[in-house]
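Pasting entry05.cif here (mmCIF, C-alpha atoms):
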data_model
loop_
_atom_site.label_atom_id
_atom_site.label_comp_id
_atom_site.auth_asym_id
_atom_site.auth_seq_id
_atom_site.Cartn_x
_atom_site.Cartn_y
_atom_site.Cartn_z
CA MET R 1 -112.51 205.23 5.03
CA THR R 2 -113.80 205.74 8.58
CA PHE R 3 -112.66 204.26 11.88
CA PHE R 4 -115.68 203.85 14.18
CA SER R 5 -115.57 204.18 17.93
CA GLN R 6 -117.80 201.75 19.78
CA ALA R 7 -120.15 204.27 21.41
CA SER R 8 -123.54 202.62 21.96
CA SER R 9 -125.47 205.85 21.35
CA ARG R 10 -123.77 206.50 18.03
CA MET R 11 -126.24 206.45 15.11
CA ILE R 12 -125.25 204.49 12.02
CA SER R 13 -126.84 204.91 8.59
CA LEU R 14 -126.69 201.76 6.44
CA ASN R 15 -127.28 201.27 2.74
CA ILE R 16 -127.96 197.55 2.24
CA GLY R 17 -128.11 196.95 -1.50
CA GLY R 18 -129.93 200.24 -2.05
CA LYS R 19 -132.30 200.05 0.95
CA LYS R 20 -131.63 202.59 3.72
CA PHE R 21 -131.63 201.78 7.44
CA CYS R 22 -130.69 203.69 10.59
CA THR R 23 -129.65 202.03 13.85
CA THR R 24 -127.00 202.24 16.57
CA ILE R 25 -123.67 200.53 17.16
CA ASP R 26 -125.20 199.07 20.32
CA THR R 27 -127.85 197.27 18.25
CA LEU R 28 -125.31 195.94 15.76
CA THR R 29 -122.84 194.61 18.32
CA GLN R 30 -124.55 193.45 21.53
CA ARG R 31 -126.92 190.55 20.79
CA GLU R 32 -124.59 188.75 18.33
CA PRO R 33 -121.07 189.77 19.45
CA ASP R 34 -119.38 187.16 17.22
CA SER R 35 -121.20 188.18 14.04
CA MET R 36 -119.77 189.90 10.98
CA LEU R 37 -121.84 193.03 11.76
CA ALA R 38 -120.44 193.20 15.29
CA ALA R 39 -116.93 192.87 13.92
CA MET R 40 -117.50 195.58 11.31
CA PHE R 41 -118.60 198.13 13.89
CA SER R 42 -116.50 197.01 16.83
CA GLY R 43 -114.05 199.88 16.41
CA ARG R 44 -111.32 197.51 15.26
CA HIS R 45 -111.91 197.92 11.54
CA THR R 46 -112.07 200.68 8.97
CA ILE R 47 -115.41 200.99 7.18
CA CYS R 48 -116.18 202.43 3.73
CA GLN R 49 -118.54 205.36 4.37
CA ASP R 50 -119.96 207.70 1.73
CA THR R 51 -118.50 211.11 2.49
CA ASP R 52 -121.53 212.91 1.02
CA THR R 53 -124.41 210.96 2.57
CA GLY R 54 -122.71 209.36 5.58
CA TYR R 55 -124.16 205.95 4.68
CA VAL R 56 -122.12 202.77 5.08
CA PHE R 57 -122.74 200.56 2.04
CA VAL R 58 -123.08 196.77 2.31
CA ASP R 59 -123.45 194.88 -0.96
CA ARG R 60 -126.28 192.52 0.02
CA ASP R 61 -129.99 192.23 -0.80
CA GLY R 62 -131.76 194.54 1.65
CA LYS R 63 -135.13 192.78 1.38
CA HIS R 64 -134.88 191.05 4.77
CA PHE R 65 -132.44 193.32 6.58
CA ARG R 66 -135.28 194.85 8.62
CA HIS R 67 -135.88 191.37 10.07
CA ILE R 68 -132.18 191.16 10.95
CA LEU R 69 -132.34 194.52 12.72
CA ASN R 70 -135.49 193.51 14.60
CA TRP R 71 -133.74 190.31 15.68
CA LEU R 72 -130.77 192.31 16.94
CA ARG R 73 -133.10 194.72 18.77
CA GLU R 74 -135.73 192.38 20.21
CA GLY R 75 -134.44 188.83 19.71
CA GLU R 76 -137.63 187.82 17.90
CA VAL R 77 -137.78 185.62 14.79
CA PRO R 78 -140.38 186.91 12.29
CA ILE R 79 -143.26 184.79 11.02
CA LEU R 80 -142.55 184.22 7.33
CA LYS R 81 -143.38 181.88 4.48
CA ASP R 82 -141.00 178.96 3.99
CA TYR R 83 -139.26 180.43 0.95
CA GLU R 84 -138.80 183.72 2.83
CA TYR R 85 -137.22 181.84 5.74
CA SER R 86 -134.77 180.34 3.23
CA GLU R 87 -133.89 183.83 1.96
CA LEU R 88 -133.49 185.19 5.50
CA LEU R 89 -131.39 182.16 6.46
CA ARG R 90 -129.02 182.91 3.61
CA GLU R 91 -128.54 186.48 4.89
CA ALA R 92 -128.13 185.26 8.48
CA GLU R 93 -125.43 182.86 7.30
CA TYR R 94 -123.65 185.66 5.44
CA PHE R 95 -123.67 187.97 8.48
CA GLN R 96 -122.80 185.02 10.77
CA LEU R 97 -125.80 185.59 13.05
CA LEU R 98 -125.73 182.23 14.82
CA GLY R 99 -128.59 183.02 17.18
CA LEU R 100 -130.88 184.00 14.32
CA ILE R 101 -129.90 180.88 12.36
CA ASP R 102 -130.88 178.70 15.32
CA GLY R 103 -134.10 180.70 15.76
CA ILE R 104 -135.11 180.19 12.12
CA LYS R 105 -134.42 176.45 12.33
CA THR R 106 -136.49 176.20 15.53
CA SER R 107 -139.37 178.06 13.88
CA LEU R 108 -139.27 175.69 10.91
CA ILE R 109 -139.21 172.64 13.19
CA ASN R 110 -142.22 173.94 15.15
CA ARG R 111 -144.06 174.57 11.90
CA LYS R 112 -143.33 171.02 10.78
CA VAL R 113 -144.74 169.65 14.04
CA ASP R 114 -147.96 171.60 13.41
CA GLU R 115 -148.13 170.30 9.83
CA GLU R 116 -147.45 166.68 10.77
CA MET R 117 -151.11 166.08 11.60
CA GLY R 118 -151.94 166.33 7.88
CA THR R 119 -149.40 163.76 6.68
CA GLU R 120 -150.11 160.16 5.77
CA LEU R 121 -147.49 158.75 8.17
CA THR R 122 -145.90 159.83 11.46
CA ARG R 123 -142.28 159.62 12.63
CA ILE R 124 -143.17 156.50 14.63
CA ASP R 125 -144.67 154.90 11.50
CA ILE R 126 -141.44 155.63 9.61
CA ILE R 127 -139.30 154.10 12.38
CA LYS R 128 -141.41 150.93 12.30
CA CYS R 129 -141.12 150.74 8.50
CA ILE R 130 -137.34 151.13 8.32
CA GLN R 131 -136.90 148.09 10.53
CA SER R 132 -137.96 145.98 7.56
CA GLU R 133 -135.48 144.91 4.90
CA LYS R 134 -136.65 147.01 1.93
CA VAL R 135 -138.49 150.28 2.43
CA ARG R 136 -140.38 152.31 -0.16
CA PHE R 137 -142.27 155.54 0.35
CA ARG R 138 -142.82 156.19 -3.35
CA GLY R 139 -145.44 158.91 -3.90
CA VAL R 140 -146.29 159.19 -0.19
CA ASN R 141 -147.05 162.56 1.41
CA LEU R 142 -144.60 163.02 4.29
CA SER R 143 -144.76 166.82 4.41
CA GLY R 144 -143.54 168.42 7.63
CA LEU R 145 -142.27 165.24 9.31
CA ASP R 146 -139.27 165.28 11.63
CA LEU R 147 -137.05 162.47 10.34
CA SER R 148 -133.85 163.85 11.81
CA LYS R 149 -131.05 161.50 12.95
CA LEU R 150 -132.74 158.37 11.54
CA ASP R 151 -130.99 155.70 9.48
CA LEU R 152 -132.86 156.00 6.16
CA SER R 153 -130.11 154.61 3.95
CA TYR R 154 -131.32 152.96 0.72
CA VAL R 155 -134.94 154.09 1.31
CA ASP R 156 -136.90 154.90 -1.88
CA PHE R 157 -138.71 158.26 -1.55
CA SER R 158 -139.20 158.70 -5.32
CA TYR R 159 -142.16 160.93 -6.32
CA ALA R 160 -142.99 161.62 -2.65
CA CYS R 161 -144.06 164.98 -1.24
CA LEU R 162 -141.31 165.92 1.22
CA LYS R 163 -142.03 169.61 1.65
CA ASN R 164 -140.59 170.99 4.89
CA VAL R 165 -139.35 167.58 6.04
CA PHE R 166 -136.59 167.77 8.66
CA PHE R 167 -133.78 165.35 7.64
CA SER R 168 -131.04 167.01 9.69
CA ARG R 169 -128.15 164.61 10.51
CA ALA R 170 -130.05 161.65 9.03
CA ASN R 171 -128.20 158.85 7.24
CA LEU R 172 -129.66 158.85 3.73
CA GLN R 173 -126.80 157.18 1.88
CA CYS R 174 -127.94 155.71 -1.46
CA ALA R 175 -131.55 156.82 -0.84
CA LYS R 176 -133.70 157.61 -3.90
CA PHE R 177 -135.35 161.03 -4.25
CA LYS R 178 -136.22 160.92 -7.95
CA ASP R 179 -138.75 163.67 -8.87
CA VAL R 180 -139.59 164.39 -5.21
CA ASP R 181 -141.05 167.72 -4.10
CA ALA R 182 -138.72 168.60 -1.21
CA GLU R 183 -139.14 172.36 -1.27
CA ALA R 184 -137.78 174.06 1.89
CA SER R 185 -136.74 170.73 3.45
CA ILE R 186 -133.80 170.65 5.84
CA PHE R 187 -130.90 168.26 5.14
CA HIS R 188 -128.42 170.08 7.39
CA ASN R 189 -125.37 167.85 8.03
CA ALA R 190 -127.17 164.84 6.54
CA THR R 191 -125.32 161.96 4.85
CA LEU R 192 -126.51 161.87 1.23
CA ARG R 193 -123.65 160.03 -0.48
CA GLU R 194 -124.62 158.46 -3.82
CA CYS R 195 -128.25 159.58 -3.46
CA GLU R 196 -130.42 160.04 -6.53
CA PHE R 197 -132.12 163.45 -6.79
CA THR R 198 -132.74 163.53 -10.55
CA GLY R 199 -135.52 165.99 -11.38
CA ALA R 200 -136.10 166.75 -7.70
CA ASN R 201 -137.55 170.06 -6.51
CA LEU R 202 -135.21 171.27 -3.75
CA ARG R 203 -136.03 174.97 -4.04
CA GLY R 204 -135.05 176.76 -0.83
CA ALA R 205 -133.80 173.57 0.83
CA LEU R 206 -131.11 173.73 3.50
CA LEU R 207 -128.24 171.39 2.60
CA ALA R 208 -125.48 173.19 4.48
CA GLY R 209 -122.78 170.78 5.65
CA ALA R 210 -124.45 167.82 3.92
CA ASN R 211 -122.34 165.05 2.40
CA LEU R 212 -123.48 164.72 -1.23
CA GLN R 213 -120.38 163.02 -2.57
CA SER R 214 -121.15 161.26 -5.89
CA ALA R 215 -124.85 162.16 -5.56
CA ASN R 216 -126.92 162.47 -8.74
CA LEU R 217 -128.65 165.87 -8.87
CA GLN R 218 -129.07 166.05 -12.63
CA ASP R 219 -131.93 168.37 -13.70
CA ALA R 220 -132.71 169.16 -10.04
CA CYS R 221 -134.14 172.53 -9.00
CA LEU R 222 -131.79 173.97 -6.37
CA ILE R 223 -132.86 177.60 -6.63
CA ASN R 224 -132.17 179.55 -3.40
CA CYS R 225 -130.66 176.43 -1.79
CA SER R 226 -128.10 176.70 0.97
CA LEU R 227 -125.20 174.34 0.22
CA CYS R 228 -122.72 176.21 2.36
CA GLY R 229 -119.79 173.92 3.19
CA ALA R 230 -121.45 170.93 1.52
CA GLU R 231 -119.41 167.98 0.23
CA LEU R 232 -120.23 167.64 -3.49
CA ARG R 233 -117.10 165.93 -4.71
CA SER R 234 -117.76 164.00 -7.95
CA ALA R 235 -121.47 164.92 -7.78
CA HIS R 236 -123.58 164.93 -10.96
CA LEU R 237 -125.22 168.34 -11.41
CA GLN R 238 -125.73 168.45 -15.18
CA THR R 239 -128.35 171.07 -16.16
CA ALA R 240 -129.28 171.60 -12.50
CA ASP R 241 -130.68 175.04 -11.62
CA LEU R 242 -128.55 176.58 -8.84
CA THR R 243 -129.72 180.16 -9.34
CA ASN R 244 -129.11 182.22 -6.16
CA ALA R 245 -127.73 179.14 -4.39
CA ASN R 246 -125.25 179.57 -1.55
CA LEU R 247 -122.25 177.31 -2.24
CA GLU R 248 -119.75 179.19 -0.12
CA GLY R 249 -116.93 176.89 0.91
CA ALA R 250 -118.53 173.88 -0.80
CA ASN R 251 -116.31 171.13 -2.21
CA LEU R 252 -117.20 170.56 -5.87
CA GLU R 253 -113.92 168.95 -6.88
CA GLY R 254 -114.43 166.79 -9.96
CA ALA R 255 -118.18 167.50 -10.04
CA ASN R 256 -120.02 167.50 -13.37
CA LEU R 257 -121.95 170.76 -13.79
CA LYS R 258 -122.31 170.75 -17.56
CA GLY R 259 -125.06 173.18 -18.59
CA ALA R 260 -125.96 174.05 -14.98
CA LYS R 261 -127.35 177.46 -14.05
CA LEU R 262 -125.28 179.24 -11.40
CA THR R 263 -126.62 182.73 -11.99
CA ASN R 264 -126.02 184.95 -8.94
CA ALA R 265 -124.74 181.95 -6.98
CA ASN R 266 -122.36 182.44 -4.06
CA LEU R 267 -119.24 180.36 -4.81
CA ARG R 268 -116.85 182.18 -2.49
CA GLY R 269 -114.05 179.90 -1.43
CA ALA R 270 -115.62 176.91 -3.20
CA ASN R 271 -113.37 174.13 -4.47
CA LEU R 272 -114.06 173.70 -8.20
CA GLN R 273 -110.79 172.02 -9.08
CA ARG R 274 -111.14 169.65 -12.03
CA ALA R 275 -114.88 170.35 -12.14
CA TYR R 276 -116.63 170.04 -15.52
CA LEU R 277 -118.13 173.50 -16.05
CA ARG R 278 -118.73 173.38 -19.77
CA ASP R 279 -121.63 175.64 -20.90
CA VAL R 280 -122.33 176.65 -17.27
CA ASN R 281 -124.10 179.98 -16.70
CA LEU R 282 -121.97 181.87 -14.15
CA ARG R 283 -123.44 185.30 -14.80
CA ASP R 284 -123.22 187.47 -11.65
CA ALA R 285 -121.85 184.51 -9.65
CA ASP R 286 -119.44 185.39 -6.83
CA LEU R 287 -116.23 183.39 -7.42
CA GLU R 288 -114.02 185.26 -4.97
CA GLY R 289 -111.41 182.86 -3.59
CA ALA R 290 -112.83 179.90 -5.56
CA LYS R 291 -110.36 177.25 -6.69
CA LEU R 292 -110.66 176.60 -10.43
CA ASP R 293 -107.43 174.73 -11.14
CA GLY R 294 -107.99 172.20 -13.91
CA ALA R 295 -111.67 173.10 -14.31
CA ASN R 296 -113.20 172.85 -17.81
CA LEU R 297 -114.87 176.24 -18.48
CA LEU R 298 -115.31 175.87 -22.23
CA GLY R 299 -118.43 177.76 -23.30
CA ALA R 300 -119.16 179.00 -19.78
CA ILE R 301 -121.11 182.26 -19.53
CA ARG R 302 -119.46 184.73 -17.14
#
Would you write out, as structure tokens, the structure that this file holds?
Amino acid sequence: MTFFSQASSRMISLNIGGKKFCTTIDTLTQREPDSMLAAMFSGRHTICQDTDTGYVFVDRDGKHFRHILNWLREGEVPILKDYEYSELLREAEYFQLLGLIDGIKTSLINRKVDEEMGTELTRIDIIKCIQSEKVRFRGVNLSGLDLSKLDLSYVDFSYACLKNVFFSRANLQCAKFKDVDAEASIFHNATLRECEFTGANLRGALLAGANLQSANLQDACLINCSLCGAELRSAHLQTADLTNANLEGANLEGANLKGAKLTNANLRGANLQRAYLRDVNLRDADLEGAKLDGANLLGAIR
């Protein structure tokens, strides 16, 4: 164990999941002073350092750590594909890099604005439509639209293309998303109570802080999704694919996850009390601090 002094010129060698990086304490602590990295190397904590190599090991995927270092050095958000932004966002959330998280979201919003020209409807068209009594956008291409903060409750989006749509803080209670393609869409802090997402493609979607209480996500693809802090109480997630999903701090009390895939999922601090986890695949899932009181784990793979 090593106790670091906070000397800006001090070189630090990092081993992030097997990938090697060299930087300085100044880089790790100045731009994001409230981050986990800044706290680790602030001089207030002891750090596990390999006595032979001098490397400090951090058990995370090192694929995007170079982008994190470049952000800390230059304050620039890289230009990435949508699924790569989702992966980088997950790492930024883990390291609590709030500036980078905001930067990624801004980049995605700007990309959606650029893509909006190719959609069948605009935000203004949507606003006009939702003033009518019953709204259906079944099978419509709405890719890249900014629909944030709108009241879209009870709207039927079934079979629509919703790739990269920005639904942040929208009211989508009881909306229908059956078999939609909503890859990399943003539902941050959206209200999604009792929504239907059966068979939906939500790969890489951002659902952090969303209210999905009693939502139906049966057979949905939620690979690489961020559901950090989401409300999933009594949700239906039977046979859903949550591989690599981030469910840290999520409330899954009483949720039905029978047969779901949670391989390599982050369930730290999640509330799984009285959840139905029969035949769930939990291989390599992180359950540190998770509440499992009364959960049915019969046949679960761990």
Show which residues sit within 6 Å of segment 240-251 of chain R, as a list in words. Count all atoms listed in the file, and ignore same-chain residues fewer than 4 positions away.
Gln218, Asp219, Ala220, Cys221, Leu222, Ile223, Asn224, Cys225, Ser226, Leu227, Cys228, Gly229, Ala230, Glu231, Leu232, Arg233, Ala260, Lys261, Leu262, Thr263, Asn264, Ala265, Asn266, Leu267, Arg268, Gly269, Ala270 and Asn271 of chain R
The selected residues should be written to file as a PDB file, in the frame of the given file (atoms: C-alpha atoms).
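Resulting contents of again_38.pdb:
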ATOM      1  CA  GLN R 218    -129.070 166.050 -12.630  1.00  0.00           C
ATOM      2  CA  ASP R 219    -131.930 168.370 -13.700  1.00  0.00           C
ATOM      3  CA  ALA R 220    -132.710 169.160 -10.040  1.00  0.00           C
ATOM      4  CA  CYS R 221    -134.140 172.530  -9.000  1.00  0.00           C
ATOM      5  CA  LEU R 222    -131.790 173.970  -6.370  1.00  0.00           C
ATOM      6  CA  ILE R 223    -132.860 177.600  -6.630  1.00  0.00           C
ATOM      7  CA  ASN R 224    -132.170 179.550  -3.400  1.00  0.00           C
ATOM      8  CA  CYS R 225    -130.660 176.430  -1.790  1.00  0.00           C
ATOM      9  CA  SER R 226    -128.100 176.700   0.970  1.00  0.00           C
ATOM     10  CA  LEU R 227    -125.200 174.340   0.220  1.00  0.00           C
ATOM     11  CA  CYS R 228    -122.720 176.210   2.360  1.00  0.00           C
ATOM     12  CA  GLY R 229    -119.790 173.920   3.190  1.00  0.00           C
ATOM     13  CA  ALA R 230    -121.450 170.930   1.520  1.00  0.00           C
ATOM     14  CA  GLU R 231    -119.410 167.980   0.230  1.00  0.00           C
ATOM     15  CA  LEU R 232    -120.230 167.640  -3.490  1.00  0.00           C
ATOM     16  CA  ARG R 233    -117.100 165.930  -4.710  1.00  0.00           C
ATOM     17  CA  ALA R 260    -125.960 174.050 -14.980  1.00  0.00           C
ATOM     18  CA  LYS R 261    -127.350 177.460 -14.050  1.00  0.00           C
ATOM     19  CA  LEU R 262    -125.280 179.240 -11.400  1.00  0.00           C
ATOM     20  CA  THR R 263    -126.620 182.730 -11.990  1.00  0.00           C
ATOM     21  CA  ASN R 264    -126.020 184.950  -8.940  1.00  0.00           C
ATOM     22  CA  ALA R 265    -124.740 181.950  -6.980  1.00  0.00           C
ATOM     23  CA  ASN R 266    -122.360 182.440  -4.060  1.00  0.00           C
ATOM     24  CA  LEU R 267    -119.240 180.360  -4.810  1.00  0.00           C
ATOM     25  CA  ARG R 268    -116.850 182.180  -2.490  1.00  0.00           C
ATOM     26  CA  GLY R 269    -114.050 179.900  -1.430  1.00  0.00           C
ATOM     27  CA  ALA R 270    -115.620 176.910  -3.200  1.00  0.00           C
ATOM     28  CA  ASN R 271    -113.370 174.130  -4.470  1.00  0.00           C
TER      29      ASN R 271
END
Name every residue that the PyMOL selection byres ((chain R and resi 161) around 8) selects in this structure, writing the answer as an NGL selection string with chains first and numbers rising.
:R and (139-143 or 159-160 or 162-163 or 180-182)
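Here the question is which of R:Asp59, R:Phe167, R:Asp50, R:Glu194 gets nearest to Asp286 of chain R using only C-alpha atoms, and that residue is R:Asp59.
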List as a ChimeraX atom specification the protein and nucleic acid residues near Ser168 of chain R, meaning an atom at most 12 Å away when only C-alpha atoms are counted, but skip any in the same chain fewer than 3 places from it.
/R:105,109,145-152,164-165,171-172,185-192,205-211
Could you tell me how far atom CA of Asn256 of chain R sits from atom CA of Ile301 of chain R, in Å to one decimal place?
16.0 Å
Mind giving me the straight-line distance from atom CA of Tyr154 of chain R to atom CA of Glu183 of chain R in Å, one decimal?
21.0 Å
Using the chain letters and numbers from the file, give me the residues hit by the PyMOL selection byres ((chain R and resi 100) around 10), as number ranges by chain.
R: 32, 67-68, 71-72, 75-77, 88-89, 92-93, 96-99, 101-106
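Around Met11 of chain R, within 7 Å and counting all atoms listed in the file, the residues found are Cys22, Thr23, Thr24 and Ile25 of chain R, once anything fewer than 6 positions away on its own chain is removed.
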Same residues, C-alpha atoms, output as a PDB file, keeping the file's coordinate frame:
ATOM      1  CA  CYS R  22    -130.690 203.690  10.590  1.00  0.00           C
ATOM      2  CA  THR R  23    -129.650 202.030  13.850  1.00  0.00           C
ATOM      3  CA  THR R  24    -127.000 202.240  16.570  1.00  0.00           C
ATOM      4  CA  ILE R  25    -123.670 200.530  17.160  1.00  0.00           C
TER       5      ILE R  25
END
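With atom CA of Cys174 of chain R on one side and atom CA of Ser107 of chain R on the other, the separation reads 29.4 Å.
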What lies within 9 Å of Leu272 of chain R using all atoms listed in the file, ignoring chain neighbours under 3 positions off, as JSON, numbers by chain?
{"R": [250, 251, 252, 253, 254, 255, 275, 276, 277, 290, 291, 292, 293, 294, 295]}
Can you list, as an MDAnalysis selection string, every protein, DNA or RNA residue that comes within 12 Å of His64 of chain R when you count all atoms listed in the file, leaving out same-chain residues fewer than 4 positions away?
chainID R and resid 16:17 19 21 60 68:71 77:78 80 84:92
